[in-house]
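Engineer: So that we are looking at the same thing, I have put the structure below in structure tokens.
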Amino acid sequence: MPTNVDEAVKTDMTAEVAEWIEAFDEVVAQDWEQGAALLSALRTRAREAGVSATGDVTTPYHNTIPKHDEVPYPGDRSLERRVEALIRWNAMAMVHKQNKYDAGIGGHISTYSSLATLLEVGFNHFFHAKYPSANGEQPGDFIYFQGHASPGVYARAYLEGRFDDARLKNFRHELRGEPGLSSYPHPWLMQDFWQFPTVSMGIGPLNAIYQARFMKYLENRSLIEKTDRKVWAFVGDGETDEVDTLGAISLGSREHLDNLIFVVNCNLQRLDGPVRGNKRIIDELEGMFRGAGWNVIKVIWGSDWDELFERDHQGLLLKRMEECVDGDFQAYKAKGGAYLRQHFFGKYPELVKLVEDKTDEELGKLHRGGHDPAKIYNAYKRALEHKGGPTVILAKTVKGYGIAAAQARNATHSEKKLTDEGLAAFVQRFDIPIPEAAAKDATFYRPDPSDPAIQYMQSRRSALGGYLPAREVPKSTFVAPKIDFFKEWLGGSKGRAVSTTTAFVGGMLRAMLKEPTIGKLIVPIVPDEGRTFGMESVISQVGIYAPEGQKYTPHDSDMLLKYREEKSGQILEEGITEAGSMASFTAAGTAYTNYKIPMVPFYMYYSMFGFQRIGDMAWAFADSRGKGFLMGGTAGRTTMLGEGLQHQDGHSPVISGTIPTCLTYDPAYAFEMAVVLQDGLRRMYEAGEDCYYYITMYNEDYAMPAMPEGEGVREGILRGIYKFKAAEKTAQVQLFGSGPILNEAVRAQQILAEKYNIAADVWSVTSYNELRRDCLDTERFNRLHPSEKEKTPYIVQALGKAAGPIVAASDYMKSLPDSLSPWLGSRLVSLGTDGFGRSDNREHLRRHFEVDAESIVAAALSKLAREGVVKPKVAEKAFAELGLNTEGSGAAHA
Ligand SMILES: Cc1ncc(C[n+]2csc(CCOP(=O)(O)OP(=O)(O)O)c2C)c(N)n1
Ligand SMILES: [Mg+2]
């Protein structure tokens, strides 16, 4: 029966509302959890009744877990405190000492000082190095550390006996002939230690989300056993400003990643100053994560505040906290207890009274939640127990914790050294048992292994399965398919016009997916571009990974090539996120070490939205020693027609060439691609090389020739060049072509012969980057060994006696062929696609960028004219015949 609100009350709801509030207050006074339940029931009711009531995205500024719900701390608090203090000392000493003797070498003190307890509770109670399983051991938890907290992680490994004093002394000294410690987590530099590069802000959290997702993918595809393993990501509060950090959090709840835990170290500061001086970062993050469906646990206040809260019956303490912004909180920690009393408690006489029994020193030491092991333990435990989605722990900490002169100061991030007094105070503050002289010298301190604190930390680690971080690579048992496996593509397309994309996606990829031994290891990744690459058949072949299966009947269910989503689907269809796709590529491409399964990712994407968009991720992939194939589709500035300036890629191989472990190939034909794929599988997975491939794929259809017979073709493809089509008589000119532009070179060869009686050889350059690397290696050898026989770079060997100018044309910038000019000298004329793209068809685009056959012919004649082989007038006449525009400033400026 609806209750009628009478007319008087309708015009003035004040009394009615007051009654409701009073009733609610009564419930809360009895039991605040009942209050929360009542409110939630009311909300549900309102929703059922169609009343839209906006819900709060933030909860009050106090700990999510009430005191009475806490479990007692299971560890030995005093031994843990001692271990933590020793780690703090050694971490600080490491940075201090290095900067004292090598000014400017850098490092960070304050980040770890805020993070120490958050990590230590994890190391002592949560971070498993292994999980036992029926079939032997399973990999443990994955920890993404805040990169610039690395000194603390090293200091712990030192106490554990994994590093000696000499190693610590080589922090940031990696080039001294003995092992050093890298500035930040770099698997490339410390391959037995670090697993995940994190220091480029945002990359760690993004990769962690996709790592957790990939873990479930492997479980759902029955490739690994399901265990309780977790992905922990320690993130800076300033770091959350990076779009990479928060941009993918909805994936966590969408795919129910309850194996994922973020811990945001909310020390309220970043490098320059406060993260949100005028607001509270914890509120902002709570809103974002709750909105995205995460379980949010706030750890704001330490246990010593509990008693104050209990005595504060009016809720004034919470009210006062909610009046403050982070700039205030920072000042309270920077300025100490007396200031806190005056400015925080001082606002209300009741609060002044509340703390009248405490000294200023005691007030100054009131802990924040992120420095209280009991609060942290309870938060971690809840996070572990939470099912159905990811958890974020927002832990309030103090930057520069315990470093008197630097604590909570804006400049603390950049502090590298302490004064003598600062060192002495540190030793006193954390009770480090070393004499004053050793303190002033920042001498490392590691008690004897029999010391109870060391024994304790060792026993905790052995109970949790060993040390972390640790990176292990099992011996490879992978057997790459032999080249015969690809023979269909070595033989050409028998006149049928196809693109290299179709040859790969519809052909080689599908064949690899069917291959009995490696098929299941292939991970096709695509960011909403599957149809562009003709992946429909692959989708119906192996399905799209969808942890909840397909809950709907797809509209195309009665068709042969249907959209198939399933729990054990193999394709990672990422939606429109190249950064997310790259994170999946990273999880898959490092599975050989992290999960001990050599997964082989093929990430197919729009090449323009590759390196220039996610370049930092591609760099971190290399650092991670990642393996796999980046397949840059719709490649080439003139081959990708129609789409124009933002879509036409003329520079990805230039950028990929900057990554030391990335091998770039620009194949013209299917057989070249097949040779590269086969060798890539062999090198990365069978021979265990830590490298990865970037291969361009084009959408221009043409007949794929068979692989030319003859020795050296395979080697040439892999090393970067081979003669594709020799002239009928001795060539006067050499034409280099790559990708579809090789066809233009072949056509130019014909025009030159038929119209101008000039013989030209045509070479396919599959990789300028590999050729250049070989040149550089050879050049270095020759430079450093002047008395030994000079070595010849491969490009020079391959050219042999081939004479005349070299006209090199590709669908990329001229700097690509130009990179060989030191070894080709004045012979080289580069044609490329410098400048912004345009919307038009290939014919017009290639003419505009001067990479079509006619432009190649003209370049050859022009160079021959300069060399006196043909008359300049002949060249000029040819330009007119070929219809070339010789005026204007060219595509580079257009
Ligand atoms: C992409 C990127 N931009 C800038 C930096 C430089 N940098 C290193 S640490 C830091 C501040 C980090 O603040 P926060 O995330 O709050 O971590 P805290 O040290 O406070 O724990 C900055 C700007 C970086 N490492 N990566
Ligand atoms: Mg911070």
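Chain identifiers are assigned as A, B, and so on, following the order in which chains appear in the structure tokens; residues are numbered from 1 within each chain, and ligands are numbered from 1 in order of appearance.
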Per residue of chain A within 9 Å of ligand 1, note the shortest atom pair and the distance in Å to one decimal, counting only C-alpha atoms and all ligand atoms, and order the rows by chain and increasing residue number, as a tab-separated table.

Structural biologist:
```
residue	atom	partner	partner_atom_place_in_ligand_line	distance
A:His108	CA	ligand 1	19 (O)	8.2
A:Ser110	CA	ligand 1	19 (O)	6.8
A:Thr111	CA	ligand 1	19 (O)	4.3
A:Tyr112	CA	ligand 1	21 (O)	7.3
A:Ser113	CA	ligand 1	21 (O)	8.9
A:Ser114	CA	ligand 1	21 (O)	6.9
A:Leu115	CA	ligand 1	21 (O)	7.3
A:Gln146	CA	ligand 1	21 (O)	7.2
A:Gly147	CA	ligand 1	25 (N)	7.8
A:His148	CA	ligand 1	9 (S)	6.3
A:Ala149	CA	ligand 1	19 (O)	7.6
A:Thr198	CA	ligand 1	25 (N)	8.5
A:Val199	CA	ligand 1	25 (N)	5.1
A:Ser200	CA	ligand 1	26 (N)	3.8
A:Met201	CA	ligand 1	26 (N)	4.0
A:Gly202	CA	ligand 1	1 (C)	6.6
A:Ile203	CA	ligand 1	1 (C)	7.9
A:Val235	CA	ligand 1	15 (O)	6.5
A:Gly236	CA	ligand 1	15 (O)	3.3
A:Asp237	CA	ligand 1	16 (O)	4.2
A:Gly238	CA	ligand 1	16 (O)	3.3
A:Glu239	CA	ligand 1	15 (O)	3.7
A:Thr240	CA	ligand 1	15 (O)	6.9
A:Asp241	CA	ligand 1	15 (O)	8.3
A:Glu242	CA	ligand 1	1 (C)	7.5
A:Val264	CA	ligand 1	21 (O)	8.7
A:Asn265	CA	ligand 1	21 (O)	6.0
A:Cys266	CA	ligand 1	16 (O)	7.1
A:Asn267	CA	ligand 1	20 (O)	5.8
A:Leu268	CA	ligand 1	16 (O)	6.8
A:Gln269	CA	ligand 1	20 (O)	4.9
A:Arg270	CA	ligand 1	13 (O)	3.5
A:Leu271	CA	ligand 1	11 (C)	4.2
A:Asp272	CA	ligand 1	11 (C)	7.7
A:Pro274	CA	ligand 1	16 (O)	8.5
A:Val275	CA	ligand 1	16 (O)	6.8
A:Val398	CA	ligand 1	20 (O)	9.0
A:Lys399	CA	ligand 1	20 (O)	6.4
A:His413	CA	ligand 1	19 (O)	6.2
A:Asp616	CA	ligand 1	1 (C)	8.6
```

Engineer: Restricting the output to N, CA and C atoms, write the selected residues as a tab-separated table (two decimals), in the first residue's frame.

Structural biologist:
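Once written, again-v9.tsv looks like this:
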```tsv
chain	number	residue	atom	x	y	z
A	108	HIS	N	67.12	6.47	-5.88
A	108	HIS	CA	66.02	7.04	-5.09
A	108	HIS	C	65.98	6.44	-3.69
A	110	SER	N	63.46	7.91	-1.31
A	110	SER	CA	62.17	8.20	-0.67
A	110	SER	C	61.03	7.29	-1.10
A	111	THR	N	61.09	6.80	-2.30
A	111	THR	CA	60.00	5.95	-2.76
A	111	THR	C	59.98	4.66	-1.95
A	112	TYR	N	61.14	4.00	-1.88
A	112	TYR	CA	61.16	2.76	-1.10
A	112	TYR	C	60.80	3.02	0.36
A	113	SER	N	61.25	4.16	0.89
A	113	SER	CA	60.96	4.41	2.31
A	113	SER	C	59.45	4.46	2.54
A	114	SER	N	58.69	4.85	1.53
A	114	SER	CA	57.24	4.85	1.70
A	114	SER	C	56.64	3.47	1.44
A	115	LEU	N	57.34	2.68	0.68
A	115	LEU	CA	56.79	1.39	0.22
A	115	LEU	C	57.21	0.20	1.08
A	146	GLN	N	57.28	-1.05	-8.04
A	146	GLN	CA	57.52	0.34	-8.47
A	146	GLN	C	59.00	0.42	-8.84
A	147	GLY	N	59.29	0.83	-10.05
A	147	GLY	CA	60.66	0.75	-10.56
A	147	GLY	C	61.68	1.46	-9.70
A	148	HIS	N	61.35	2.66	-9.26
A	148	HIS	CA	62.37	3.45	-8.55
A	148	HIS	C	62.41	3.10	-7.05
A	149	ALA	N	61.73	2.00	-6.69
A	149	ALA	CA	61.92	1.45	-5.33
A	149	ALA	C	62.95	0.32	-5.38
A	198	THR	N	59.40	-1.95	-15.23
A	198	THR	CA	58.27	-1.16	-14.77
A	198	THR	C	58.54	0.34	-14.72
A	199	VAL	N	59.77	0.75	-14.90
A	199	VAL	CA	60.02	2.13	-14.47
A	199	VAL	C	59.47	3.19	-15.40
A	200	SER	N	59.17	2.84	-16.62
A	200	SER	CA	58.47	3.82	-17.44
A	200	SER	C	57.03	3.82	-16.91
A	201	MET	N	56.67	4.92	-16.28
A	201	MET	CA	55.41	4.97	-15.52
A	201	MET	C	54.23	4.54	-16.38
A	202	GLY	N	53.41	3.69	-15.82
A	202	GLY	CA	52.18	3.26	-16.49
A	202	GLY	C	52.30	1.91	-17.17
A	203	ILE	N	53.52	1.56	-17.54
A	203	ILE	CA	53.69	0.31	-18.28
A	203	ILE	C	53.51	-0.90	-17.36
A	235	VAL	N	52.03	0.35	-7.50
A	235	VAL	CA	51.89	1.49	-8.41
A	235	VAL	C	52.05	2.78	-7.60
A	236	GLY	N	52.70	3.77	-8.18
A	236	GLY	CA	52.79	5.07	-7.50
A	236	GLY	C	51.48	5.84	-7.66
A	237	ASP	N	51.17	6.69	-6.70
A	237	ASP	CA	49.92	7.46	-6.86
A	237	ASP	C	50.07	8.48	-7.99
A	238	GLY	N	51.29	9.03	-8.13
A	238	GLY	CA	51.53	9.93	-9.26
A	238	GLY	C	51.42	9.17	-10.57
A	239	GLU	N	51.85	7.92	-10.54
A	239	GLU	CA	51.83	7.08	-11.75
A	239	GLU	C	50.41	6.89	-12.30
A	240	THR	N	49.43	7.05	-11.42
A	240	THR	CA	48.06	6.84	-11.89
A	240	THR	C	47.60	7.95	-12.85
A	241	ASP	N	48.39	9.01	-12.96
A	241	ASP	CA	48.05	10.03	-13.96
A	241	ASP	C	48.30	9.54	-15.38
A	242	GLU	N	49.15	8.54	-15.52
A	242	GLU	CA	49.41	8.00	-16.86
A	242	GLU	C	48.14	7.33	-17.38
A	264	VAL	N	48.27	0.68	-4.54
A	264	VAL	CA	48.72	2.03	-4.90
A	264	VAL	C	49.35	2.67	-3.66
A	265	ASN	N	50.61	2.98	-3.83
A	265	ASN	CA	51.39	3.58	-2.75
A	265	ASN	C	51.06	5.08	-2.71
A	266	CYS	N	50.03	5.40	-1.91
A	266	CYS	CA	49.54	6.79	-1.89
A	266	CYS	C	50.34	7.62	-0.90
A	267	ASN	N	51.55	7.97	-1.33
A	267	ASN	CA	52.36	8.83	-0.46
A	267	ASN	C	52.06	10.30	-0.75
A	268	LEU	N	51.06	10.52	-1.56
A	268	LEU	CA	50.51	11.85	-1.85
A	268	LEU	C	51.45	12.75	-2.65
A	269	GLN	N	52.61	12.21	-2.99
A	269	GLN	CA	53.57	13.04	-3.73
A	269	GLN	C	54.04	12.32	-4.99
A	270	ARG	N	54.44	13.13	-5.94
A	270	ARG	CA	55.12	12.60	-7.12
A	270	ARG	C	56.50	13.23	-7.15
A	271	LEU	N	57.02	13.58	-8.33
A	271	LEU	CA	58.39	14.08	-8.35
A	271	LEU	C	58.46	15.55	-7.91
A	272	ASP	N	57.62	16.37	-8.49
A	272	ASP	CA	57.72	17.80	-8.22
A	272	ASP	C	57.03	18.24	-6.94
A	274	PRO	N	52.94	17.66	-4.59
A	274	PRO	CA	51.79	16.81	-4.28
A	274	PRO	C	51.09	16.29	-5.53
A	275	VAL	N	50.55	15.08	-5.43
A	275	VAL	CA	49.82	14.51	-6.56
A	275	VAL	C	48.50	15.27	-6.75
A	398	VAL	N	53.86	7.75	3.66
A	398	VAL	CA	54.62	9.01	3.75
A	398	VAL	C	55.86	8.89	2.89
A	399	LYS	N	56.03	9.81	1.98
A	399	LYS	CA	57.22	9.75	1.12
A	399	LYS	C	58.42	10.22	1.93
A	413	HIS	N	61.74	13.40	-3.43
A	413	HIS	CA	61.91	12.42	-4.50
A	413	HIS	C	63.35	12.43	-5.03
A	616	ASP	N	57.00	2.76	-26.52
A	616	ASP	CA	57.59	2.50	-25.21
A	616	ASP	C	57.31	1.06	-24.76
```

Engineer: Leaving out Thr391 of chain A and any residue of its chain fewer than 5 positions from it, which residues lie within 6 Å of it when counting only C-alpha atoms, given as a ChimeraX atom specification?

Structural biologist: /A:261,294-296,383

Engineer: Which residues, written as a PyMOL selection string, have at least one atom at most 7 Å from segment 773-781 of chain A, with only C-alpha atoms counted and residues fewer than 4 positions away on the same chain left out?

Structural biologist: chain A and resi 769+785+791-794

Engineer: Go through A:Ala157, A:Val325, A:Ala395, A:Ala18 one by one, measure the shortest atom-to-atom distance of each to ligand 2 using only C-alpha atoms and all ligand atoms, and give the residue with the smallest value.

Structural biologist: A:Ala395

Engineer: Go ahead and compute the interatomic distance for atom CA of Ala379 of chain A and atom CA of Gln455 of chain A, in Å to one decimal.

Structural biologist: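 Here the two named atoms are 26.2 Å from each other.
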
Engineer: What is the distance, in Å and to one decimal place, between atom CA of Leu831 of chain A and atom CA of Val675 of chain A?

Structural biologist: 26.5 Å

Engineer: Considering only strand (DSSP E) as DSSP defines it on the backbone, what residues of segment 348-489 of chain A qualify? List them as a VMD selection string.

Structural biologist: chain A and resid 391 to 396

Engineer: Taking only residues of segment 301-344 of chain A that have an atom at most 8 Å from an atom of segment 55-70 of chain A, what is each one's shortest atom pair and its distance in Å to one decimal, using only C-alpha atoms, in chain and number order, as JSON lines?

Structural biologist:
```
{"residue": "A:Trp301", "atom": "CA", "partner": "A:Asn63", "partner_atom": "CA", "distance": 6.5}
{"residue": "A:Asp306", "atom": "CA", "partner": "A:Lys67", "partner_atom": "CA", "distance": 7.2}
{"residue": "A:Leu318", "atom": "CA", "partner": "A:Tyr61", "partner_atom": "CA", "distance": 6.9}
{"residue": "A:Met321", "atom": "CA", "partner": "A:Tyr61", "partner_atom": "CA", "distance": 7.1}
{"residue": "A:Glu322", "atom": "CA", "partner": "A:Tyr61", "partner_atom": "CA", "distance": 6.4}
```

Engineer: Based on the selection just made, write N, CA and C atoms of those residues as a PDB file, in the first residue's frame.

Structural biologist:
```pdb
ATOM      1  N   TRP A 301      44.564   4.767   7.865  1.00  0.00           N
ATOM      2  CA  TRP A 301      45.128   5.072   9.176  1.00  0.00           C
ATOM      3  C   TRP A 301      45.688   3.842   9.856  1.00  0.00           C
ATOM      4  N   ASP A 306      43.196   3.954  15.924  1.00  0.00           N
ATOM      5  CA  ASP A 306      41.941   3.250  16.241  1.00  0.00           C
ATOM      6  C   ASP A 306      41.353   3.728  17.560  1.00  0.00           C
ATOM      7  N   LEU A 318      36.668  12.073  11.862  1.00  0.00           N
ATOM      8  CA  LEU A 318      36.440  11.799  10.445  1.00  0.00           C
ATOM      9  C   LEU A 318      36.067  13.096   9.711  1.00  0.00           C
ATOM     10  N   MET A 321      39.114  15.050   9.075  1.00  0.00           N
ATOM     11  CA  MET A 321      39.924  14.462   7.995  1.00  0.00           C
ATOM     12  C   MET A 321      39.318  14.793   6.639  1.00  0.00           C
ATOM     13  N   GLU A 322      38.000  14.764   6.588  1.00  0.00           N
ATOM     14  CA  GLU A 322      37.357  15.023   5.289  1.00  0.00           C
ATOM     15  C   GLU A 322      37.408  16.505   4.921  1.00  0.00           C
TER      16      GLU A 322
END
```

Engineer: Just list the residues in segment 342-559 of chain A DSSP gives alpha helix (DSSP H) on the backbone, as an MDAnalysis selection string.

Structural biologist: chainID A and resid 342:343 349:354 360:365 373:385 420:429 436:440 452:463 487:490 500:502 510:514 536:542

Engineer: So which residues touch segment 712-729 of chain A within 10 Å, counting only C-alpha atoms, skipping near sequence neighbours fewer than 6 positions away, as a ChimeraX atom specification?

Structural biologist: /A:663-667,671-673,675-677,679-680,735-738,742,745-746,749-750,753,758-774,794-795,798-799

Engineer: Near Tyr698 of chain A, within 9 Å and counting only C-alpha atoms, which residues show up once chain neighbours fewer than 3 positions away are dropped, as a PyMOL selection string?

Structural biologist: chain A and resi 499-502+632-636+639-640+668+701+739-740

Engineer: Give me the residues within 6 Å of Tyr131 of chain A as an MDAnalysis selection string, counting only C-alpha atoms and dropping any in the same chain fewer than 3 places off.

Structural biologist: chainID A and resid 137:138 140

Engineer: Keeping N, CA and C atoms for every residue in the selection just given, could you write it to a file as a PDB file, in the first residue's frame?

Structural biologist:
```
ATOM      1  N   GLU A 137      55.970 -28.439  -9.635  1.00  0.00           N
ATOM      2  CA  GLU A 137      55.785 -27.057  -9.201  1.00  0.00           C
ATOM      3  C   GLU A 137      55.189 -26.168 -10.274  1.00  0.00           C
ATOM      4  N   GLN A 138      54.390 -25.252  -9.835  1.00  0.00           N
ATOM      5  CA  GLN A 138      53.828 -24.240 -10.735  1.00  0.00           C
ATOM      6  C   GLN A 138      54.472 -22.894 -10.406  1.00  0.00           C
ATOM      7  N   GLY A 140      55.101 -19.091  -9.346  1.00  0.00           N
ATOM      8  CA  GLY A 140      54.493 -18.391  -8.211  1.00  0.00           C
ATOM      9  C   GLY A 140      53.786 -17.118  -8.616  1.00  0.00           C
TER      10      GLY A 140
END
```

Engineer: If you count only C-alpha atoms, which residues fall within 7 Å of Gly642 of chain A, apart from same-chain ones fewer than 3 positions away, as a list in words?

Structural biologist: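 So, after excluding close chain neighbours, the residues are Ser839, Asp840 and Asn841 of chain A.
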
Engineer: In Å, with one decimal, what is the gap from atom CA of Val299 of chain A to atom CA of Lys381 of chain A?

Structural biologist: 12.7 Å

Engineer: Which residue is closest to ligand 2? Choose from A:Ile281, A:Ala36, A:Pro132, A:Arg847 and count only C-alpha atoms and all ligand atoms.

Structural biologist: A:Ile281

Engineer: Go through A:Ser222, A:Gln211, A:Thr833, A:Thr419 and flag the residue nearest Ser584 of chain A, using only C-alpha atoms for the distances.

Structural biologist: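 Smallest distance to Ser584 of chain A is found for A:Gln211.
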
Engineer: Pick out the closest residue to Arg213 of chain A from this set: A:Asp244, A:Asp258, A:Asp326, A:Glu310. Count only C-alpha atoms.

Structural biologist: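 Of all the options, A:Asp258 lies closest to Arg213 of chain A.
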
Engineer: Which residue out of A:Ser624, A:Gln646, A:Ser253, A:Thr412 has the minimum interatomic distance to ligand 2 when only C-alpha atoms and all ligand atoms are used?

Structural biologist: A:Thr412
